[in-house]
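Engineer: Contents are compact mmCIF, C-alpha atoms and all ligand atoms; file name entry15.txt:
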```
# COMPACT_ATOMS: atom_id res chain seq x y z
CA CYS Y 1475 131.48 79.74 94.69
CA TRP Y 1476 130.98 77.90 97.95
CA LEU Y 1477 131.12 80.31 100.89
CA GLN Y 1478 132.13 83.25 98.74
CA THR Y 1479 130.39 86.46 99.52
CA GLU Y 1480 130.63 87.97 96.07
CA ASN Y 1481 128.26 87.39 93.17
CA CYS Y 1482 128.55 83.90 91.72
CA GLY Y 1483 128.32 85.16 88.12
CA GLU Y 1484 125.74 84.45 85.44
CA PRO Y 1485 124.20 80.99 85.80
CA ASP Y 1486 124.08 78.67 82.80
CA VAL Y 1487 120.37 78.59 81.96
CA SER Y 1488 120.73 76.62 78.74
CA GLU Y 1489 119.00 73.56 80.20
CA TRP Y 1490 116.34 75.28 82.27
CA GLY Y 1491 113.55 74.50 79.81
CA VAL Y 1492 110.31 76.38 80.47
CA LEU Y 1493 111.96 78.36 83.25
CA THR Y 1494 114.47 80.08 80.98
CA ALA Y 1495 112.11 82.90 79.97
CA THR Y 1496 111.33 84.04 83.51
CA GLU Y 1497 114.11 82.81 85.78
CA GLY Y 1498 116.03 86.10 85.60
CA TYR Y 1499 113.24 88.05 87.34
CA GLY Y 1500 113.90 86.53 90.73
CA ARG Y 1501 117.68 86.38 90.60
CA PRO Y 1502 119.46 88.35 93.33
CA ASP Y 1503 120.42 91.74 91.98
CA SER Y 1504 123.17 93.85 93.48
CA GLN Y 1505 121.87 96.91 91.64
CA GLU Y 1506 118.23 97.11 92.59
CA ASP Y 1507 116.69 100.05 90.73
CA TYR Y 1508 113.08 100.29 91.89
CA GLU Y 1509 111.58 103.60 90.85
CA GLN Y 1510 108.14 104.49 92.12
CA ILE Y 1511 105.72 105.42 89.34
CA SER Y 1512 101.99 106.07 89.11
CA TYR Y 1513 99.54 103.30 88.27
CA GLU Y 1514 98.52 105.27 85.18
CA ASP Y 1515 102.11 105.56 83.90
CA ALA Y 1516 102.75 101.89 84.56
CA MET Y 1517 99.66 100.92 82.59
CA GLY Y 1518 99.51 103.60 79.93
CA LYS Y 1519 103.08 104.28 78.85
CA THR Y 1520 105.03 102.17 76.41
CA TRP Y 1521 107.94 100.67 78.30
CA GLY Y 1522 111.02 99.61 76.35
CA LYS Y 1523 111.94 100.14 72.74
CA ASN Y 1524 110.73 98.12 69.81
CA GLY Y 1525 112.73 94.96 69.36
CA GLU Y 1526 113.88 94.84 73.02
CA LYS Y 1527 112.59 92.32 75.50
CA PRO Y 1528 109.21 93.74 76.58
CA TYR Y 1529 108.49 94.84 80.15
CA ARG Y 1530 106.21 92.47 82.06
CA HIS Y 1531 103.69 93.32 84.78
CA ALA Y 1532 103.76 91.59 88.16
CA ALA Y 1533 101.48 92.14 91.15
CA HIS Y 1534 101.69 91.12 94.82
CA ALA Y 1535 99.43 91.69 97.79
CA MET Y 1536 99.44 92.11 101.54
CA ILE Y 1537 96.46 90.78 103.48
CA TYR Y 1538 96.24 91.78 107.12
CA ALA Y 1539 93.95 92.14 110.11
CA PRO Y 1540 94.32 94.32 113.20
CA ASP Y 1541 95.21 92.15 116.20
CA GLY Y 1542 96.05 93.19 119.78
CA LYS Y 1543 96.74 89.75 121.25
CA LYS Y 1544 99.58 89.81 123.78
CA LEU Y 1545 102.50 87.43 123.54
CA TRP Y 1546 103.03 86.03 127.09
CA ASP Y 1547 100.59 88.71 128.26
CA MET Y 1548 103.31 91.27 127.60
CA TYR Y 1549 103.97 92.17 124.00
CA GLU Y 1550 101.02 93.36 121.98
CA ASN Y 1551 100.94 92.03 118.41
CA LYS Y 1552 99.66 95.02 116.50
CA ALA Y 1553 98.37 93.12 113.46
CA VAL Y 1554 98.38 89.75 111.74
CA ILE Y 1555 100.22 90.39 108.46
CA LEU Y 1556 100.53 87.52 106.01
CA MET Y 1557 103.74 86.97 104.08
CA MET Y 1558 105.25 83.73 102.79
CA MET Y 1559 108.44 81.72 102.50
CA ARG Y 1560 109.14 81.40 98.79
CA PHE Y 1561 110.70 78.47 96.94
CA ASP Y 1562 113.91 80.48 96.48
CA GLY Y 1563 114.48 81.11 100.19
CA TYR Y 1564 113.30 84.71 100.13
CA ILE Y 1565 110.39 86.12 102.10
CA GLY Y 1566 107.77 87.84 99.95
CA PHE Y 1567 104.11 88.48 99.39
CA PRO Y 1568 101.90 86.19 97.32
CA GLY Y 1569 101.35 87.21 93.70
CA GLY Y 1570 103.30 86.87 90.47
CA ILE Y 1571 103.83 87.77 86.84
CA MET Y 1572 100.82 88.41 84.65
CA ASP Y 1573 100.14 86.07 81.76
CA ASP Y 1574 99.87 87.63 78.30
CA GLY Y 1575 96.56 89.44 77.82
CA GLU Y 1576 95.58 89.46 81.51
CA THR Y 1577 94.70 92.67 83.34
CA VAL Y 1578 96.82 93.19 86.44
CA GLU Y 1579 93.94 92.69 88.90
CA PHE Y 1580 92.72 89.55 87.09
CA GLY Y 1581 96.25 88.12 87.11
CA LEU Y 1582 96.75 89.01 90.77
CA ASN Y 1583 93.53 87.23 91.78
CA ARG Y 1584 94.56 84.19 89.72
CA GLU Y 1585 98.00 84.09 91.35
CA LEU Y 1586 96.49 84.47 94.84
CA GLU Y 1587 94.14 81.57 94.21
CA GLU Y 1588 97.03 79.38 92.96
CA GLU Y 1589 99.53 80.39 95.63
CA ILE Y 1590 97.48 80.78 98.81
CA GLY Y 1591 94.07 79.37 97.86
CA LEU Y 1592 92.36 82.75 98.23
CA ASP Y 1593 88.67 82.33 97.43
CA PRO Y 1594 87.91 84.89 94.66
CA THR Y 1595 84.21 84.86 95.51
CA ARG Y 1596 85.01 86.17 99.00
CA HIS Y 1597 88.19 88.20 98.61
CA SER Y 1598 88.88 89.70 95.26
CA PHE Y 1599 91.43 92.46 94.71
CA THR Y 1600 90.38 95.49 92.67
CA LYS Y 1601 91.95 98.80 91.67
CA GLU Y 1602 90.64 100.17 95.02
CA ASP Y 1603 93.20 98.01 96.83
CA HIS Y 1604 96.14 99.33 94.79
CA VAL Y 1605 98.88 100.97 96.86
CA LEU Y 1606 102.10 101.38 94.88
CA SER Y 1607 103.62 100.74 91.47
CA TYR Y 1608 107.31 100.51 90.58
CA VAL Y 1609 109.42 100.01 87.52
CA THR Y 1610 112.71 98.14 87.57
CA HIS Y 1611 114.61 98.66 84.34
CA ASN Y 1612 117.23 96.04 85.21
CA LYS Y 1613 114.58 93.35 85.35
CA ARG Y 1614 112.21 94.97 82.89
CA LEU Y 1615 109.35 94.57 85.33
CA LEU Y 1616 106.43 96.80 86.26
CA LEU Y 1617 105.55 95.87 89.83
CA HIS Y 1618 102.19 96.61 91.43
CA PHE Y 1619 101.40 96.27 95.09
CA TYR Y 1620 97.98 95.89 96.70
CA CYS Y 1621 96.81 95.77 100.30
CA LYS Y 1622 93.56 94.54 101.87
CA LYS Y 1623 92.36 94.74 105.45
CA VAL Y 1624 90.15 91.85 106.58
CA THR Y 1625 88.77 90.79 109.95
CA LEU Y 1626 90.95 88.68 112.21
CA GLU Y 1627 88.60 85.74 111.69
CA GLU Y 1628 88.87 86.04 107.90
CA CYS Y 1629 92.63 86.41 108.10
CA LEU Y 1630 93.01 83.16 110.05
CA GLU Y 1631 90.76 81.37 107.54
CA ILE Y 1632 92.83 82.72 104.63
CA GLU Y 1633 96.01 81.61 106.36
CA LYS Y 1634 94.63 78.09 106.92
CA ARG Y 1635 93.67 77.69 103.26
CA THR Y 1636 97.29 78.31 102.21
CA ILE Y 1637 98.39 74.75 102.83
CA ASP Y 1638 95.68 73.36 100.55
CA ALA Y 1639 96.63 75.68 97.68
CA ASP Y 1640 98.01 74.28 94.40
CA GLU Y 1641 101.40 75.93 94.88
CA TYR Y 1642 101.89 74.87 98.51
CA GLY Y 1643 105.11 72.89 98.70
CA TRP Y 1644 106.25 74.22 95.31
CA GLU Y 1645 106.46 77.97 94.85
CA VAL Y 1646 105.13 78.58 98.37
CA LEU Y 1647 106.85 76.81 101.22
CA GLY Y 1648 104.65 78.22 103.92
CA PRO Y 1649 102.71 81.17 105.28
CA ILE Y 1650 104.63 83.52 107.56
CA ARG Y 1651 103.27 86.05 110.03
CA VAL Y 1652 105.29 89.19 110.58
CA PRO Y 1653 106.08 89.58 114.30
CA MET Y 1654 104.42 92.92 114.96
CA PHE Y 1655 105.94 93.45 118.38
CA THR Y 1656 109.43 93.98 119.82
CA LEU Y 1657 110.71 92.39 123.01
CA ASN Y 1658 112.32 94.45 125.76
CA ASP Y 1659 115.81 93.78 124.39
CA ASN Y 1660 114.74 96.00 121.43
CA GLU Y 1661 115.79 93.32 118.94
CA ARG Y 1662 113.72 90.18 119.08
CA GLY Y 1663 110.50 90.43 117.11
CA LEU Y 1664 110.13 92.88 114.25
CA PRO Y 1665 113.77 94.18 114.17
CA ILE Y 1666 115.28 90.70 113.73
CA PHE Y 1667 112.53 89.71 111.28
CA LEU Y 1668 113.56 92.69 109.13
CA SER Y 1669 117.09 91.28 108.86
CA ASN Y 1670 115.77 88.43 106.67
CA LYS Y 1671 116.20 88.40 102.89
CA PHE Y 1672 113.15 89.79 101.11
CA ILE Y 1673 112.39 89.35 97.42
CA GLY Y 1674 112.43 92.48 95.28
CA ASN Y 1675 111.18 95.46 97.26
CA ALA Y 1676 108.84 93.43 99.50
CA LYS Y 1677 110.42 94.85 102.67
CA GLU Y 1678 109.79 98.44 101.55
CA GLU Y 1679 106.23 97.50 100.60
CA LEU Y 1680 105.65 95.94 104.00
CA LEU Y 1681 106.92 99.01 105.88
CA TYR Y 1682 105.00 101.37 103.60
CA CYS Y 1683 101.71 99.59 104.35
CA ILE Y 1684 102.40 99.31 108.08
CA GLU Y 1685 102.63 103.09 108.17
CA LYS Y 1686 99.86 103.81 105.68
CA GLU Y 1687 97.40 101.56 107.49
CA ASN Y 1688 98.30 103.19 110.84
CA ILE Y 1689 99.58 99.93 112.31
CA MET Y 1690 102.80 101.65 113.46
CA THR Y 1691 103.99 105.23 113.24
CA LYS Y 1692 106.86 106.35 111.02
CA GLU Y 1693 108.95 106.91 114.19
CA GLU Y 1694 108.25 103.40 115.53
CA ILE Y 1695 109.23 101.90 112.18
CA GLN Y 1696 112.43 103.95 112.17
CA VAL Y 1697 113.36 102.61 115.63
CA ALA Y 1698 112.74 99.02 114.45
CA LEU Y 1699 114.97 99.61 111.40
CA GLU Y 1700 117.76 101.12 113.52
CA ASN Y 1701 117.61 98.19 115.93
CA CYS Y 1702 117.68 95.81 112.97
CA GLU Y 1703 120.87 97.50 111.71
CA LYS Y 1704 122.50 97.25 115.17
CA PHE Y 1705 121.61 93.56 115.31
CA LYS Y 1706 123.05 92.95 111.82
CA ALA Y 1707 126.25 94.83 112.66
CA ARG Y 1708 126.83 92.59 115.67
CA TYR Y 1709 125.75 89.21 114.38
CA MET Y 1710 125.77 89.04 110.60
CA ARG Y 1711 128.67 88.90 108.19
O1 LIG Q 1801 106.46 90.53 97.37
C1 LIG Q 1801 107.02 91.05 96.39
N1 LIG Q 1801 107.17 92.37 96.29
C2 LIG Q 1801 107.78 92.97 95.25
N2 LIG Q 1801 108.30 92.31 94.23
C3 LIG Q 1801 108.20 90.99 94.24
C4 LIG Q 1801 107.56 90.30 95.30
N3 LIG Q 1801 107.62 88.99 95.03
C5 LIG Q 1801 108.26 88.88 93.84
N4 LIG Q 1801 108.61 90.08 93.36
C6 LIG Q 1801 109.31 90.38 92.07
O2 LIG Q 1801 108.44 90.02 91.01
C7 LIG Q 1801 109.01 88.93 90.27
C8 LIG Q 1801 107.94 87.96 89.89
O3 LIG Q 1801 107.27 87.53 91.05
P1 LIG Q 1801 107.03 86.00 91.40
O4 LIG Q 1801 108.32 85.31 91.62
O5 LIG Q 1801 106.06 86.03 92.53
O6 LIG Q 1801 106.36 85.52 90.04
P2 LIG Q 1801 105.86 84.11 89.50
O7 LIG Q 1801 105.15 83.46 90.69
O8 LIG Q 1801 104.92 84.46 88.37
O9 LIG Q 1801 107.10 83.40 89.06
C9 LIG Q 1801 110.08 88.34 91.21
O10 LIG Q 1801 111.06 87.66 90.53
C10 LIG Q 1801 110.58 89.57 91.92
O11 LIG Q 1801 111.51 90.29 91.12
```
Take the structure in this file and express it as structure tokens.
Structural biologist:
Amino acid sequence: CWLQTENCGEPDVSEWGVLTATEGYGRPDSQEDYEQISYEDAMGKTWGKNGEKPYRHAAHAMIYAPDGKKLWDMYENKAVILMMMRFDGYIGFPGGIMDDGETVEFGLNRELEEEIGLDPTRHSFTKEDHVLSYVTHNKRLLLHFYCKKVTLEECLEIEKRTIDADEYGWEVLGPIRVPMFTLNDNERGLPIFLSNKFIGNAKEELLYCIEKENIMTKEEIQVALENCEKFKARYMR
């Protein structure tokens, strides 16, 4: 389906080996159905009927530090927020699917060590860092999102360690900083960044935390989203 805009149909996964069991989780989905649920419901309820493919837990995390540095002495970068370029071309947060028997926080810390080399003795995620949980019935996933504020110095150290992590060059193609400023044309910076493709509901998670952590106001985020839409209408098919 070269250059077609519609869905390319179900891929043939018969020869995907070990990937067959999980490859469907990351496939683009035209009917995203993320429903916000409480942490307790996500953990305590039985999801799915007996005999059906069970729901799996996945957890991802945003690490950030307040900034204030000015780009060209003009545009204040409100925070350093770490995201990543994934193997599949999407932008997302580090994290992943829990292995059988793992608690969500244990699995998240394991994934963060593998994907970005986060040192668990210095930065370990706990229930205290939990922000949001979602269920997606299409993908049979329970998604948990965590957020941690660190100092700018720590954030830069964490970012540097990424390229020595086990998954660097495989599942993680590089750390990405979110441009937390907008140029005077009202487009370059955060609005154009938001026009990228984000995995799952990573964009909503990013915007939720930007507001919750008082990095930008709801109104400022709304303006960035509107300017993103104007940019897309003019330049993207
Ligand atoms: O940053 C994110 N926010 C929300 N959901 C995500 C994010 N990254 C991935 N997901 C969803 O969770 C699924 C599993 O995540 P991931 O691909 O990181 O797992 P893995 O590293 O264990 O293969 C993805 O296929 C996608 O549906």
Engineer: If you measure from CA of Lys1527 (chain Y) to CA of Phe1599 (chain Y), what distance in Å do you get, rounded to one decimal?
Structural biologist: 28.6 Å
Engineer: May I ask you to write as a PyMOL selection string all residues lying at most 8 Å from ligand LIG 1801 (chain Q), with all atoms listed in the file counted?
Structural biologist: chain Y and resi 1496-1501+1532-1535+1565-1572+1585+1613+1615+1617-1619+1645+1672-1677+1679
Engineer: Enter the distance from CA of Leu1582 (chain Y) to CA of Glu1678 (chain Y), in Å, rounded to one decimal.
Structural biologist: 19.4 Å
Engineer: Counting all atoms listed in the file, which of Y:Tyr1529, Y:Tyr1538, Y:Tyr1709, Y:Tyr1564 gets nearest to Glu1633 (chain Y)?
Structural biologist: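 Among the listed residues, Y:Tyr1538 lies closest to Glu1633 (chain Y).
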Engineer: Nearest residue to Leu1616 (chain Y) out of Y:Leu1630, Y:Ala1698, Y:Val1578, Y:Leu1668, using only C-alpha atoms?
Structural biologist: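 Answer, going by the shortest atom-to-atom distance: Y:Val1578.
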